[in-house]
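S.K.: Following this message is one structure expressed as C-alpha cells.
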Amino acid sequence: MILSISGVVLLGIIVFLFFRKDGLKPSHAIICALFGFYLAGTAIAPGIKAGGESLAGLLGGIKL
C-alpha cells in the first residue's frame with residue numbers, strides 16, 4: 001500500500017509538471033494513464049468516483 005501511494009504521489013507530480021511546462025504530449029498521456037490506473041487502486045478512489053457521479057448529476061440537471 002505504501003508503494004502504491006508513493007507511486008501515485010510521484011506520478012501526480014509528474015502529470016502536474018507536464019501540464020504546467022510543456023502541454024500534454026503522447027508520452028505524457030501515457031504517464032497520465034498510469035497515474036489514473038494507480039490512483040484507482042488507492043483508498044481515495046471511492047471518493048473520486050462519488051464526486052464524479054455527483055458532478056455528472058449536477059450537470060445533467062441543468063436546463064438550458
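Chain labels A, B, ... are given in the sequence in which chains occur in the C-alpha cells; within each chain residues are numbered consecutively from 1, and ligands are likewise numbered from 1 in the order shown.
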Any chance you could list, as a VMD selection string, the residues in chain A that come up helix (DSSP H, G or I) when DSSP is run on the backbone?

M.R.: chain A and resid 2 to 21 26 to 39 45 to 60

S.K.: With distances taken over only C-alpha atoms, which of A:Ile62, A:Val8, A:Ala56, A:Ile13 is nearest to Phe37 (chain A)?

M.R.: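 Closest to Phe37 (chain A), using only C-alpha atoms: A:Val8.
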
S.K.: In Å to one decimal, how far is CA of Phe18 (chain A) from CA of Ile31 (chain A)?

M.R.: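 Interatomic distance here is 9.4 Å.
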
S.K.: What is the CA of Ile48 (chain A) to CA of Lys25 (chain A) distance in Å?

M.R.: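 CA of Ile48 (chain A) sits 25.0 Å away from CA of Lys25 (chain A).
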
S.K.: Would you work out the distance separating CA of Thr42 (chain A) from CA of Ile14 (chain A), expressed in Å to one decimal?

M.R.: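 CA of Thr42 (chain A) sits 18.0 Å away from CA of Ile14 (chain A).
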
S.K.: Counting only C-alpha atoms, which residue out of A:Gly12, A:Gly57, A:Gly47, A:Gly52 sits closest to Phe35 (chain A)?

M.R.: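 Counting only C-alpha atoms, the residue closest to Phe35 (chain A) is A:Gly12.
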